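Structure below is structure.cif: mmCIF, C-alpha atoms and all ligand atoms.
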```
data_model
#
loop_
_atom_site.label_atom_id
_atom_site.label_comp_id
_atom_site.auth_asym_id
_atom_site.auth_seq_id
_atom_site.Cartn_x
_atom_site.Cartn_y
_atom_site.Cartn_z
CA MET Q 9 0.00 0.00 0.00
CA ALA Q 10 1.31 3.43 -0.91
CA GLU Q 11 1.49 5.90 1.95
CA ARG Q 12 -0.77 8.92 1.45
CA ILE Q 13 0.89 12.39 1.77
CA GLU Q 14 -0.81 15.69 1.06
CA CYS Q 15 2.17 17.54 -0.54
CA VAL Q 16 5.54 16.36 -1.77
CA VAL Q 17 8.26 18.78 -2.81
CA ILE Q 18 10.94 17.08 -4.93
CA GLY Q 19 14.34 18.68 -4.32
CA ALA Q 20 15.78 20.39 -1.23
CA GLY Q 21 17.58 23.30 -2.85
CA VAL Q 22 16.81 26.86 -1.85
CA VAL Q 23 13.77 27.00 -4.11
CA GLY Q 24 12.34 23.63 -3.04
CA LEU Q 25 12.84 24.58 0.62
CA ALA Q 26 11.16 27.97 0.13
CA ILE Q 27 8.19 26.22 -1.47
CA ALA Q 28 8.04 23.60 1.29
CA ARG Q 29 8.07 26.38 3.89
CA ARG Q 30 5.30 28.24 2.07
CA LEU Q 31 3.06 25.16 1.83
CA ALA Q 32 3.75 24.18 5.46
CA LEU Q 33 2.83 27.72 6.62
CA GLN Q 34 -0.52 27.20 4.88
CA GLY Q 35 -1.08 24.30 7.27
CA ARG Q 36 -0.50 21.60 4.65
CA GLU Q 37 1.26 18.29 5.33
CA VAL Q 38 4.60 18.47 3.49
CA VAL Q 39 7.37 15.96 2.81
CA ILE Q 40 10.51 17.09 0.99
CA LEU Q 41 12.22 14.32 -0.97
CA GLU Q 42 15.92 14.92 -1.63
CA ALA Q 43 18.09 12.56 -3.69
CA GLU Q 44 21.38 13.52 -2.00
CA ASN Q 45 22.35 12.88 1.63
CA ALA Q 46 22.23 16.61 2.47
CA PHE Q 47 20.14 19.58 1.37
CA GLY Q 48 21.36 22.26 -1.01
CA THR Q 49 24.37 20.50 -2.52
CA HIS Q 50 23.76 21.55 -6.15
CA ALA Q 51 23.02 25.04 -7.57
CA SER Q 52 22.02 26.37 -4.16
CA SER Q 53 25.54 26.00 -2.77
CA ARG Q 54 27.42 26.63 -6.02
CA ASN Q 55 26.45 30.17 -6.90
CA SER Q 56 27.50 33.79 -6.36
CA GLU Q 57 25.31 34.36 -3.25
CA VAL Q 58 24.19 37.70 -4.63
CA ILE Q 59 20.82 39.27 -3.90
CA HIS Q 60 20.13 40.62 -7.36
CA ALA Q 61 18.36 43.94 -7.88
CA GLY Q 62 16.39 42.84 -11.00
CA ILE Q 63 18.14 44.96 -13.60
CA TYR Q 64 18.66 42.80 -16.64
CA TYR Q 65 15.53 40.76 -17.20
CA ALA Q 66 13.07 41.27 -20.06
CA ASN Q 67 9.87 43.27 -19.57
CA GLY Q 68 7.18 41.32 -17.76
CA SER Q 69 9.27 38.12 -17.61
CA LEU Q 70 8.95 35.86 -14.59
CA LYS Q 71 12.62 36.57 -13.84
CA ALA Q 72 11.96 40.32 -13.72
CA ARG Q 73 8.80 40.08 -11.63
CA LEU Q 74 9.95 37.39 -9.24
CA CYS Q 75 13.44 38.87 -8.78
CA VAL Q 76 12.17 42.31 -7.81
CA ALA Q 77 9.41 40.95 -5.56
CA GLY Q 78 11.75 38.26 -4.22
CA LYS Q 79 14.52 40.74 -3.39
CA GLN Q 80 12.19 42.85 -1.26
CA ALA Q 81 10.74 39.78 0.45
CA LEU Q 82 14.24 38.35 1.01
CA TYR Q 83 15.65 41.47 2.69
CA ARG Q 84 12.61 41.50 4.97
CA TYR Q 85 12.96 37.79 5.67
CA CYS Q 86 16.67 38.08 6.48
CA GLU Q 87 16.00 40.91 8.95
CA GLU Q 88 13.19 39.01 10.65
CA HIS Q 89 14.96 35.64 10.76
CA ASP Q 90 18.55 36.74 11.42
CA VAL Q 91 19.91 35.39 8.15
CA LYS Q 92 23.32 36.94 7.48
CA HIS Q 93 23.31 39.35 4.55
CA ARG Q 94 24.62 42.77 3.56
CA ARG Q 95 23.27 45.35 1.14
CA ILE Q 96 26.74 46.19 -0.18
CA GLY Q 97 25.73 47.51 -3.60
CA LYS Q 98 27.11 46.76 -7.02
CA LEU Q 99 28.88 48.67 -9.77
CA ILE Q 100 28.41 47.79 -13.42
CA VAL Q 101 31.36 49.26 -15.26
CA ALA Q 102 32.06 50.17 -18.88
CA ALA Q 103 35.65 49.40 -19.89
CA ASP Q 104 35.45 51.73 -22.92
CA GLU Q 105 33.19 54.34 -24.54
CA ALA Q 106 31.49 51.69 -26.71
CA GLN Q 107 30.08 49.99 -23.60
CA ILE Q 108 28.40 53.13 -22.24
CA ALA Q 109 25.33 52.47 -24.40
CA GLY Q 110 25.04 49.13 -22.56
CA LEU Q 111 24.95 50.95 -19.21
CA LYS Q 112 22.17 53.25 -20.43
CA LYS Q 113 20.19 50.22 -21.58
CA TYR Q 114 20.49 48.72 -18.11
CA GLN Q 115 19.19 51.86 -16.50
CA THR Q 116 16.16 51.90 -18.80
CA GLN Q 117 15.46 48.19 -18.38
CA ALA Q 118 15.85 48.43 -14.61
CA GLU Q 119 13.25 51.21 -14.45
CA VAL Q 120 10.81 49.17 -16.52
CA ASN Q 121 11.35 46.35 -14.03
CA GLY Q 122 10.66 48.65 -11.08
CA VAL Q 123 14.30 49.15 -10.01
CA THR Q 124 14.45 52.92 -9.85
CA ASP Q 125 17.57 53.52 -7.76
CA LEU Q 126 20.36 52.98 -10.33
CA LYS Q 127 22.67 55.96 -10.62
CA PHE Q 128 24.98 56.80 -13.51
CA LEU Q 129 28.56 57.68 -12.42
CA ASP Q 130 31.52 59.08 -14.33
CA SER Q 131 35.04 57.71 -14.01
CA ARG Q 132 36.05 60.22 -11.33
CA GLU Q 133 33.07 59.36 -9.11
CA LEU Q 134 33.82 55.68 -9.63
CA ARG Q 135 37.47 56.15 -8.71
CA ASP Q 136 36.36 57.73 -5.41
CA LEU Q 137 34.18 54.69 -4.68
CA GLU Q 138 36.50 51.94 -5.94
CA PRO Q 139 40.05 53.20 -6.62
CA GLU Q 140 41.25 49.83 -8.01
CA VAL Q 141 38.63 49.66 -10.76
CA ALA Q 142 39.54 50.94 -14.23
CA CYS Q 143 36.57 52.13 -16.26
CA VAL Q 144 35.21 55.09 -18.20
CA ALA Q 145 31.74 55.11 -16.58
CA GLY Q 146 29.42 52.93 -14.57
CA VAL Q 147 26.13 52.58 -12.78
CA VAL Q 148 25.73 51.84 -9.11
CA SER Q 149 22.95 49.55 -7.89
CA PRO Q 150 22.44 50.24 -4.18
CA SER Q 151 19.85 47.48 -3.64
CA THR Q 152 22.17 44.62 -4.67
CA GLY Q 153 23.47 42.59 -1.74
CA ILE Q 154 25.11 39.38 -0.58
CA ILE Q 155 23.65 36.58 1.50
CA ASP Q 156 24.65 33.44 3.37
CA SER Q 157 22.78 30.96 1.17
CA HIS Q 158 23.36 28.01 3.53
CA GLY Q 159 21.97 30.05 6.44
CA LEU Q 160 18.95 30.95 4.32
CA MET Q 161 18.27 27.30 3.48
CA LEU Q 162 18.64 26.30 7.14
CA SER Q 163 16.15 29.00 8.06
CA TYR Q 164 13.59 27.93 5.41
CA LEU Q 165 13.96 24.29 6.45
CA GLY Q 166 13.72 25.08 10.17
CA GLU Q 167 10.54 27.08 9.68
CA ALA Q 168 9.02 24.41 7.45
CA GLU Q 169 9.84 21.73 10.04
CA ARG Q 170 8.38 23.81 12.87
CA HIS Q 171 5.17 23.81 10.82
CA GLY Q 172 5.18 20.04 10.50
CA ALA Q 173 7.16 19.46 7.29
CA SER Q 174 9.77 16.71 7.11
CA LEU Q 175 12.85 16.24 4.97
CA ALA Q 176 13.71 12.78 3.64
CA LEU Q 177 17.35 12.67 2.50
CA SER Q 178 18.80 10.02 0.15
CA SER Q 179 15.30 9.67 -1.28
CA PRO Q 180 15.42 10.10 -5.06
CA VAL Q 181 12.13 10.13 -6.94
CA VAL Q 182 12.62 7.51 -9.65
CA SER Q 183 9.22 7.47 -11.37
CA GLY Q 184 5.60 8.40 -10.95
CA LYS Q 185 2.15 8.18 -12.41
CA VAL Q 186 -0.83 10.47 -12.61
CA GLU Q 187 -3.78 8.55 -11.18
CA ASP Q 188 -7.39 9.24 -10.29
CA GLY Q 189 -7.35 11.56 -7.30
CA GLY Q 190 -3.60 12.15 -7.07
CA ILE Q 191 -0.08 11.49 -8.22
CA ALA Q 192 1.82 8.32 -7.29
CA LEU Q 193 5.57 8.59 -6.77
CA ASP Q 194 8.15 5.81 -6.51
CA VAL Q 195 11.07 6.74 -4.31
CA GLY Q 196 14.38 4.84 -4.49
CA GLY Q 197 17.30 4.83 -2.04
CA ALA Q 198 18.06 2.40 0.77
CA GLU Q 199 14.40 2.15 1.76
CA PRO Q 200 12.33 2.42 -1.41
CA MET Q 201 8.73 3.50 -0.93
CA SER Q 202 5.62 4.46 -2.86
CA LEU Q 203 3.68 7.59 -2.04
CA LYS Q 204 0.31 8.82 -3.18
CA CYS Q 205 0.13 12.63 -3.15
CA ASP Q 206 -2.50 15.32 -3.70
CA ILE Q 207 0.17 17.85 -4.59
CA VAL Q 208 3.63 17.37 -6.14
CA VAL Q 209 6.05 20.22 -6.73
CA ASN Q 210 8.96 19.22 -8.94
CA SER Q 211 11.82 21.51 -7.90
CA ALA Q 212 14.61 19.13 -8.91
CA GLY Q 213 16.85 21.78 -10.47
CA LEU Q 214 19.22 20.25 -13.03
CA ASN Q 215 17.07 17.12 -12.98
CA ALA Q 216 13.62 18.71 -13.23
CA GLN Q 217 13.00 17.71 -16.85
CA ALA Q 218 14.06 14.10 -16.17
CA VAL Q 219 11.77 13.94 -13.14
CA ALA Q 220 8.83 15.37 -15.12
CA ARG Q 221 9.45 12.88 -17.95
CA SER Q 222 9.50 10.01 -15.45
CA ILE Q 223 5.93 10.78 -14.31
CA ALA Q 224 3.52 8.97 -16.64
CA GLY Q 225 0.63 11.25 -17.51
CA VAL Q 226 2.67 14.46 -17.76
CA PRO Q 227 2.38 15.37 -21.46
CA PRO Q 228 5.96 15.02 -22.86
CA ARG Q 229 5.39 18.03 -25.16
CA THR Q 230 5.19 20.26 -22.06
CA VAL Q 231 8.67 19.22 -20.84
CA PRO Q 232 11.37 21.53 -22.24
CA PRO Q 233 14.74 20.25 -23.45
CA THR Q 234 17.66 20.08 -21.02
CA PHE Q 235 20.94 21.95 -21.36
CA TYR Q 236 23.71 22.58 -18.87
CA ALA Q 237 26.15 25.49 -18.71
CA ILE Q 238 29.05 25.32 -16.24
CA GLY Q 239 30.65 28.32 -14.56
CA HIS Q 240 34.01 28.40 -12.74
CA TYR Q 241 34.94 30.64 -9.82
CA TYR Q 242 38.47 31.68 -8.90
CA THR Q 243 39.20 33.17 -5.48
CA LEU Q 244 41.60 36.01 -4.78
CA ALA Q 245 44.38 35.54 -2.23
CA GLY Q 246 44.73 38.35 0.34
CA THR Q 247 42.51 41.21 1.38
CA ALA Q 248 39.65 42.50 -0.77
CA PRO Q 249 40.64 45.38 -3.08
CA PHE Q 250 36.94 46.30 -3.57
CA ARG Q 251 34.10 47.22 -1.24
CA ARG Q 252 31.27 46.49 -3.66
CA LEU Q 253 30.41 43.86 -6.24
CA ILE Q 254 31.89 44.77 -9.62
CA TYR Q 255 30.30 43.58 -12.86
CA PRO Q 256 31.42 44.25 -16.42
CA VAL Q 257 28.81 45.05 -19.07
CA ALA Q 258 27.13 41.67 -19.69
CA ARG Q 259 27.69 39.30 -22.59
CA GLN Q 260 24.78 37.67 -24.39
CA ASP Q 261 24.46 34.52 -22.28
CA TRP Q 262 25.60 35.57 -18.84
CA LEU Q 263 26.70 38.50 -16.73
CA GLY Q 264 30.42 38.15 -17.46
CA VAL Q 265 33.27 37.31 -15.07
CA HIS Q 266 32.30 39.52 -12.15
CA VAL Q 267 33.55 40.20 -8.65
CA THR Q 268 31.61 38.97 -5.67
CA ILE Q 269 32.60 39.28 -2.06
CA ASP Q 270 31.20 36.83 0.44
CA LEU Q 271 30.20 37.67 3.99
CA GLY Q 272 33.62 36.52 5.22
CA GLY Q 273 35.30 39.09 2.95
CA GLN Q 274 36.58 36.51 0.43
CA VAL Q 275 36.71 37.92 -3.11
CA LYS Q 276 35.59 35.56 -5.89
CA PHE Q 277 35.76 36.07 -9.64
CA GLY Q 278 33.32 34.26 -11.89
CA PRO Q 279 31.42 32.46 -13.08
CA ASP Q 280 32.52 31.96 -16.68
CA PHE Q 281 30.20 30.20 -19.09
CA SER Q 282 30.50 27.06 -21.20
CA TRP Q 283 28.10 24.38 -22.36
CA ILE Q 284 28.57 20.84 -21.02
CA ASP Q 285 26.61 17.69 -21.77
CA ARG Q 286 26.31 16.20 -18.28
CA VAL Q 287 26.46 17.25 -14.64
CA ASP Q 288 30.17 17.21 -13.77
CA TYR Q 289 31.51 19.76 -11.28
CA ARG Q 290 35.22 19.12 -11.94
CA PHE Q 291 37.25 22.33 -12.11
CA ASP Q 292 39.04 22.95 -15.42
CA VAL Q 293 42.26 24.76 -14.44
CA SER Q 294 43.05 25.57 -18.08
CA ARG Q 295 40.67 28.52 -17.77
CA GLU Q 296 43.06 30.53 -15.68
CA ALA Q 297 44.58 32.61 -18.51
CA ALA Q 298 41.12 33.63 -19.77
CA PHE Q 299 40.19 34.73 -16.23
CA TYR Q 300 43.30 36.93 -15.88
CA THR Q 301 42.49 38.59 -19.22
CA ALA Q 302 38.79 39.15 -18.45
CA ILE Q 303 39.46 40.52 -14.95
CA ARG Q 304 42.28 42.87 -16.01
CA TYR Q 305 39.85 44.77 -18.26
CA TYR Q 306 38.45 46.35 -15.11
CA TYR Q 307 41.08 45.40 -12.47
CA PRO Q 308 44.49 46.01 -14.04
CA GLY Q 309 46.18 45.70 -10.64
CA LEU Q 310 45.52 41.93 -10.54
CA LYS Q 311 48.91 40.33 -9.82
CA ASP Q 312 50.17 37.17 -11.48
CA GLY Q 313 49.57 34.19 -9.21
CA ALA Q 314 46.82 35.90 -7.21
CA LEU Q 315 43.99 33.64 -8.46
CA GLN Q 316 43.27 30.28 -6.85
CA PRO Q 317 40.84 27.71 -8.28
CA GLY Q 318 37.58 27.94 -6.31
CA TYR Q 319 34.53 25.91 -7.31
CA THR Q 320 32.07 25.40 -10.15
CA GLY Q 321 28.32 25.68 -10.53
CA ILE Q 322 26.03 24.41 -13.27
CA ARG Q 323 23.12 26.38 -14.69
CA PRO Q 324 19.95 24.45 -15.53
CA ARG Q 325 19.04 25.70 -19.01
CA ILE Q 326 16.08 25.04 -21.26
CA THR Q 327 17.58 26.76 -24.30
CA GLY Q 328 20.92 25.79 -25.81
CA PRO Q 329 23.71 27.55 -27.69
CA ARG Q 330 22.38 30.43 -29.82
CA GLY Q 331 18.91 29.89 -28.33
CA PRO Q 332 16.84 32.84 -27.12
CA ALA Q 333 17.30 34.31 -23.63
CA GLN Q 334 15.50 32.00 -21.25
CA ASP Q 335 12.96 32.82 -18.59
CA PHE Q 336 11.97 30.70 -15.62
CA VAL Q 337 9.35 28.18 -16.75
CA ILE Q 338 6.86 27.23 -14.05
CA HIS Q 339 4.08 24.93 -15.22
CA GLY Q 340 0.90 24.44 -13.24
CA PRO Q 341 -2.28 22.53 -14.13
CA ARG Q 342 -3.17 25.05 -16.83
CA GLU Q 343 -0.03 24.16 -18.82
CA HIS Q 344 0.13 20.38 -18.39
CA GLY Q 345 -3.44 19.48 -17.40
CA VAL Q 346 -2.46 17.54 -14.24
CA ALA Q 347 -4.26 18.70 -11.09
CA GLY Q 348 -1.97 19.28 -8.11
CA LEU Q 349 1.32 19.25 -10.06
CA VAL Q 350 3.80 22.11 -10.52
CA ASN Q 351 7.00 21.65 -12.54
CA LEU Q 352 9.79 24.23 -12.28
CA TYR Q 353 12.29 24.36 -15.14
CA GLY Q 354 15.36 26.49 -15.85
CA ILE Q 355 15.56 27.98 -12.35
CA GLU Q 356 18.98 29.51 -12.83
CA SER Q 357 19.97 32.98 -11.58
CA PRO Q 358 18.20 34.88 -9.99
CA GLY Q 359 16.52 31.86 -8.38
CA LEU Q 360 18.16 32.38 -4.98
CA THR Q 361 17.01 36.02 -4.86
CA ALA Q 362 13.56 35.10 -6.15
CA SER Q 363 13.04 32.03 -3.93
CA LEU Q 364 10.31 33.51 -1.70
CA ALA Q 365 8.47 35.02 -4.68
CA ILE Q 366 8.73 31.74 -6.61
CA ALA Q 367 7.18 30.01 -3.60
CA ASP Q 368 4.29 32.49 -3.58
CA HIS Q 369 3.82 31.98 -7.32
CA VAL Q 370 3.71 28.19 -6.91
CA ALA Q 371 1.20 28.49 -4.06
CA THR Q 372 -1.03 30.60 -6.34
CA LEU Q 373 -0.81 28.05 -9.17
CA LEU Q 374 -1.91 25.34 -6.76
CA GLN Q 375 -4.99 27.30 -5.69
CA THR Q 376 -6.39 27.46 -9.23
C1 LIG X 1 26.94 29.52 -11.27
C2 LIG X 1 25.65 30.01 -10.68
C3 LIG X 1 25.60 31.28 -10.06
C4 LIG X 1 24.40 31.75 -9.52
N1 LIG X 1 24.40 32.94 -8.84
C5 LIG X 1 23.25 33.37 -8.29
C6 LIG X 1 23.21 34.58 -7.55
O1 LIG X 1 24.23 35.20 -7.28
N2 LIG X 1 22.01 35.03 -7.11
C7 LIG X 1 20.86 34.35 -7.34
O2 LIG X 1 19.79 34.85 -6.99
N3 LIG X 1 20.86 33.17 -7.99
C8 LIG X 1 22.03 32.67 -8.45
N4 LIG X 1 22.05 31.47 -9.09
C9 LIG X 1 20.82 30.71 -9.21
C10 LIG X 1 20.49 29.92 -7.94
O3 LIG X 1 21.64 29.33 -7.40
C11 LIG X 1 19.46 28.85 -8.32
O4 LIG X 1 18.38 29.46 -9.00
C12 LIG X 1 18.91 28.14 -7.10
O5 LIG X 1 19.94 27.65 -6.28
C13 LIG X 1 18.03 27.00 -7.59
O6 LIG X 1 17.56 26.30 -6.48
P1 LIG X 1 16.77 24.95 -6.73
O7 LIG X 1 16.26 24.55 -5.43
O8 LIG X 1 15.81 25.15 -7.86
O9 LIG X 1 17.86 23.95 -7.35
P2 LIG X 1 19.04 23.10 -6.64
O10 LIG X 1 19.74 23.85 -5.59
O11 LIG X 1 19.87 22.55 -7.76
O12 LIG X 1 18.25 21.92 -5.93
C14 LIG X 1 17.62 20.89 -6.65
C15 LIG X 1 17.62 19.70 -5.72
O13 LIG X 1 16.86 18.66 -6.32
C16 LIG X 1 17.48 17.44 -5.97
N5 LIG X 1 17.03 16.39 -6.89
C17 LIG X 1 17.36 16.24 -8.20
N6 LIG X 1 16.75 15.14 -8.71
C18 LIG X 1 16.02 14.60 -7.71
C19 LIG X 1 15.16 13.47 -7.62
N7 LIG X 1 14.94 12.65 -8.67
N8 LIG X 1 14.57 13.19 -6.42
C20 LIG X 1 14.77 13.99 -5.34
N9 LIG X 1 15.58 15.08 -5.37
C21 LIG X 1 16.19 15.39 -6.55
C22 LIG X 1 18.96 17.75 -6.09
O14 LIG X 1 19.75 16.80 -5.40
C23 LIG X 1 19.02 19.14 -5.50
O15 LIG X 1 19.28 19.13 -4.10
C24 LIG X 1 23.23 30.95 -9.62
C25 LIG X 1 23.29 29.70 -10.22
C26 LIG X 1 24.47 29.21 -10.72
C27 LIG X 1 24.53 27.83 -11.31
#
```

Would you write out, as structure tokens, the structure that this file holds?
Amino acid sequence: MAERIECVVIGAGVVGLAIARRLALQGREVVILEAENAFGTHASSRNSEVIHAGIYYANGSLKARLCVAGKQALYRYCEEHDVKHRRIGKLIVAADEAQIAGLKKYQTQAEVNGVTDLKFLDSRELRDLEPEVACVAGVVSPSTGIIDSHGLMLSYLGEAERHGASLALSSPVVSGKVEDGGIALDVGGAEPMSLKCDIVVNSAGLNAQAVARSIAGVPPRTVPPTFYAIGHYYTLAGTAPFRRLIYPVARQDWLGVHVTIDLGGQVKFGPDFSWIDRVDYRFDVSREAAFYTAIRYYYPGLKDGALQPGYTGIRPRITGPRGPAQDFVIHGPREHGVAGLVNLYGIESPGLTASLAIADHVATLLQT
């Protein structure tokens, strides 16, 4: 006999945990199924830990809406729940005159998205703020910040558990089936089990498409293709030469090799961007020369030997090389026709920032 559970959230990353918390706060019975033996070991612990302002995303996109709403909710949440964070601000810098048009575009797009506090700065003003940064102009984003992503996940999980949710580790969902009156899930691991659920939220990150495809009754045409793009981070030895996050003008696919500073003061450069065909976090040290070149465009003082290999993260993508810019894709019953099921695809950046707003969005989809 399959055990009956009201809600199952598949995946204990920051987004899955935010959703589990949200559903538990509604008084629902929630079980979080996580394939690994710890929570948050994939994208949620392999990212830049930046609270994004919401500058870049296309008009009306889910990324734009959920980032801006999520940022506000996240700052409030961090204050109320003592999650470590700092609103340190970010500079986007133009290395030459040709890139200034890019800065102006950001300012316009940010305003459309509801981010109205960007300020244009000339090179002298920028030198006063960040003497080590070489640039001809820039914009400052005061609402960008940094966060302890592990602390945030612990807080979401703790609150969910205090409202009755439970986390089952080493419990991969291996298949499922849409049945009359619910969704059946088969869970592998050391103690395989079958569950019958009223609600299933597939928040399996890099694996979300595979999980959706493994549930019989989910129309395959609604499941987007899967692509992966790896990013490497190098760390900087010694004390931080910057006080804010520094970003170059973005490339087509990603934000460029930027500077982040974590709450311990460690400076990281990255992530870079390249397509890979499977999930493999190994660090490719041959990228070092390209990092030195990219960073010296805006930080000419970078000394030889100062970079140390850090870590990698992998972006879950639904569009491949030369594909259009991707938005978050969050499918509820209206898209796939299965009552009680929500599938989340392509939850790359700014998913950490947007986590609380994504959770609200999922809760709304489940009400309809
Ligand atoms: C390089 C990089 C930099 C980023 N920087 C930022 C940033 O600075 N700011 C920001 O806002 N966002 C950033 N992001 C995005 C952010 O990290 C992600 O959007 C967020 O972590 C996604 O959380 P998640 O819970 O959807 O996925 P994940 O954290 O990947 O969690 C998915 C979970 O599902 C589990 N799972 C998979 N398959 C199964 C299964 N069959 N059964 C059970 N469990 C399963 C996995 O083990 C995993 O724990 C970045 C992402 C990357 C890759």

Quick one: residues within 7 Å of ligand LIG 1 (chain X), with only C-alpha atoms and all ligand atoms, as a PDB file with C-alpha atoms, keeping the file's coordinate frame?
```pdb
ATOM      1  CA  ILE Q  18      10.940  17.080  -4.930  1.00  0.00           C
ATOM      2  CA  GLY Q  19      14.340  18.680  -4.320  1.00  0.00           C
ATOM      3  CA  ALA Q  20      15.780  20.390  -1.230  1.00  0.00           C
ATOM      4  CA  GLY Q  21      17.580  23.300  -2.850  1.00  0.00           C
ATOM      5  CA  VAL Q  22      16.810  26.860  -1.850  1.00  0.00           C
ATOM      6  CA  VAL Q  23      13.770  27.000  -4.110  1.00  0.00           C
ATOM      7  CA  GLY Q  24      12.340  23.630  -3.040  1.00  0.00           C
ATOM      8  CA  LEU Q  25      12.840  24.580   0.620  1.00  0.00           C
ATOM      9  CA  LEU Q  41      12.220  14.320  -0.970  1.00  0.00           C
ATOM     10  CA  GLU Q  42      15.920  14.920  -1.630  1.00  0.00           C
ATOM     11  CA  ALA Q  43      18.090  12.560  -3.690  1.00  0.00           C
ATOM     12  CA  GLU Q  44      21.380  13.520  -2.000  1.00  0.00           C
ATOM     13  CA  PHE Q  47      20.140  19.580   1.370  1.00  0.00           C
ATOM     14  CA  GLY Q  48      21.360  22.260  -1.010  1.00  0.00           C
ATOM     15  CA  THR Q  49      24.370  20.500  -2.520  1.00  0.00           C
ATOM     16  CA  HIS Q  50      23.760  21.550  -6.150  1.00  0.00           C
ATOM     17  CA  ALA Q  51      23.020  25.040  -7.570  1.00  0.00           C
ATOM     18  CA  SER Q  52      22.020  26.370  -4.160  1.00  0.00           C
ATOM     19  CA  SER Q  53      25.540  26.000  -2.770  1.00  0.00           C
ATOM     20  CA  ARG Q  54      27.420  26.630  -6.020  1.00  0.00           C
ATOM     21  CA  ASN Q  55      26.450  30.170  -6.900  1.00  0.00           C
ATOM     22  CA  SER Q  56      27.500  33.790  -6.360  1.00  0.00           C
ATOM     23  CA  GLU Q  57      25.310  34.360  -3.250  1.00  0.00           C
ATOM     24  CA  VAL Q  58      24.190  37.700  -4.630  1.00  0.00           C
ATOM     25  CA  ILE Q  59      20.820  39.270  -3.900  1.00  0.00           C
ATOM     26  CA  HIS Q  60      20.130  40.620  -7.360  1.00  0.00           C
ATOM     27  CA  SER Q 179      15.300   9.670  -1.280  1.00  0.00           C
ATOM     28  CA  PRO Q 180      15.420  10.100  -5.060  1.00  0.00           C
ATOM     29  CA  VAL Q 181      12.130  10.130  -6.940  1.00  0.00           C
ATOM     30  CA  VAL Q 182      12.620   7.510  -9.650  1.00  0.00           C
ATOM     31  CA  SER Q 211      11.820  21.510  -7.900  1.00  0.00           C
ATOM     32  CA  ALA Q 212      14.610  19.130  -8.910  1.00  0.00           C
ATOM     33  CA  GLY Q 213      16.850  21.780 -10.470  1.00  0.00           C
ATOM     34  CA  LEU Q 214      19.220  20.250 -13.030  1.00  0.00           C
ATOM     35  CA  ASN Q 215      17.070  17.120 -12.980  1.00  0.00           C
ATOM     36  CA  ALA Q 216      13.620  18.710 -13.230  1.00  0.00           C
ATOM     37  CA  VAL Q 219      11.770  13.940 -13.140  1.00  0.00           C
ATOM     38  CA  ILE Q 238      29.050  25.320 -16.240  1.00  0.00           C
ATOM     39  CA  GLY Q 239      30.650  28.320 -14.560  1.00  0.00           C
ATOM     40  CA  PRO Q 279      31.420  32.460 -13.080  1.00  0.00           C
ATOM     41  CA  THR Q 320      32.070  25.400 -10.150  1.00  0.00           C
ATOM     42  CA  GLY Q 321      28.320  25.680 -10.530  1.00  0.00           C
ATOM     43  CA  ILE Q 322      26.030  24.410 -13.270  1.00  0.00           C
ATOM     44  CA  ARG Q 323      23.120  26.380 -14.690  1.00  0.00           C
ATOM     45  CA  ILE Q 355      15.560  27.980 -12.350  1.00  0.00           C
ATOM     46  CA  GLU Q 356      18.980  29.510 -12.830  1.00  0.00           C
ATOM     47  CA  SER Q 357      19.970  32.980 -11.580  1.00  0.00           C
ATOM     48  CA  PRO Q 358      18.200  34.880  -9.990  1.00  0.00           C
ATOM     49  CA  GLY Q 359      16.520  31.860  -8.380  1.00  0.00           C
ATOM     50  CA  LEU Q 360      18.160  32.380  -4.980  1.00  0.00           C
ATOM     51  CA  THR Q 361      17.010  36.020  -4.860  1.00  0.00           C
ATOM     52  CA  ALA Q 362      13.560  35.100  -6.150  1.00  0.00           C
TER      53      ALA Q 362
END
```

Checklist entry - In Å, how far is it from CA of Ala32 (chain Q) to CA of Ile207 (chain Q)? => result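 Atom-to-atom, CA of Ala32 (chain Q) and CA of Ile207 (chain Q) are spaced 12.4 Å apart.
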
Item to check | Distance criterion (all atoms listed in the file): nearest to Val38 (chain Q) out of Q:Ser174, Q:Ser157, Q:Thr152, Q:Thr116 | outcome: Q:Ser174

Near region 92-104 of chain Q, 8 Å: region 224-342 of chain Q residue rows, closest pairs, only C-alpha atoms, as JSON lines:
```
{"residue": "Q:Arg251", "atom": "CA", "partner": "Q:Ile96", "partner_atom": "CA", "distance": 7.5}
{"residue": "Q:Arg252", "atom": "CA", "partner": "Q:Lys98", "partner_atom": "CA", "distance": 5.4}
{"residue": "Q:Leu253", "atom": "CA", "partner": "Q:Lys98", "partner_atom": "CA", "distance": 4.5}
{"residue": "Q:Ile254", "atom": "CA", "partner": "Q:Leu99", "partner_atom": "CA", "distance": 4.9}
{"residue": "Q:Tyr255", "atom": "CA", "partner": "Q:Ile100", "partner_atom": "CA", "distance": 4.6}
{"residue": "Q:Pro256", "atom": "CA", "partner": "Q:Val101", "partner_atom": "CA", "distance": 5.1}
{"residue": "Q:Val257", "atom": "CA", "partner": "Q:Ala102", "partner_atom": "CA", "distance": 6.1}
{"residue": "Q:Leu271", "atom": "CA", "partner": "Q:His93", "partner_atom": "CA", "distance": 7.1}
{"residue": "Q:Tyr305", "atom": "CA", "partner": "Q:Ala103", "partner_atom": "CA", "distance": 6.5}
{"residue": "Q:Tyr306", "atom": "CA", "partner": "Q:Ala103", "partner_atom": "CA", "distance": 6.3}
```

Next on the checklist: With all atoms listed in the file as the counted atoms, please give the residues lying no more than 10 Å from Gly172 (chain Q), apart from itself and same-chain residues fewer than 4 positions off, as a VMD selection string.
Outcome noted: chain Q and resid 29 32 to 33 35 to 39 166 to 168

Next on the checklist: Just checking: using all atoms listed in the file, which residue out of Q:Pro139, Q:Gly62, Q:Gly110, Q:Gly68 ends up closest to Phe250 (chain Q)?
Outcome noted: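 Between Q:Pro139, Q:Gly62, Q:Gly110, Q:Gly68, the residue approaching Phe250 (chain Q) most closely is Q:Pro139.
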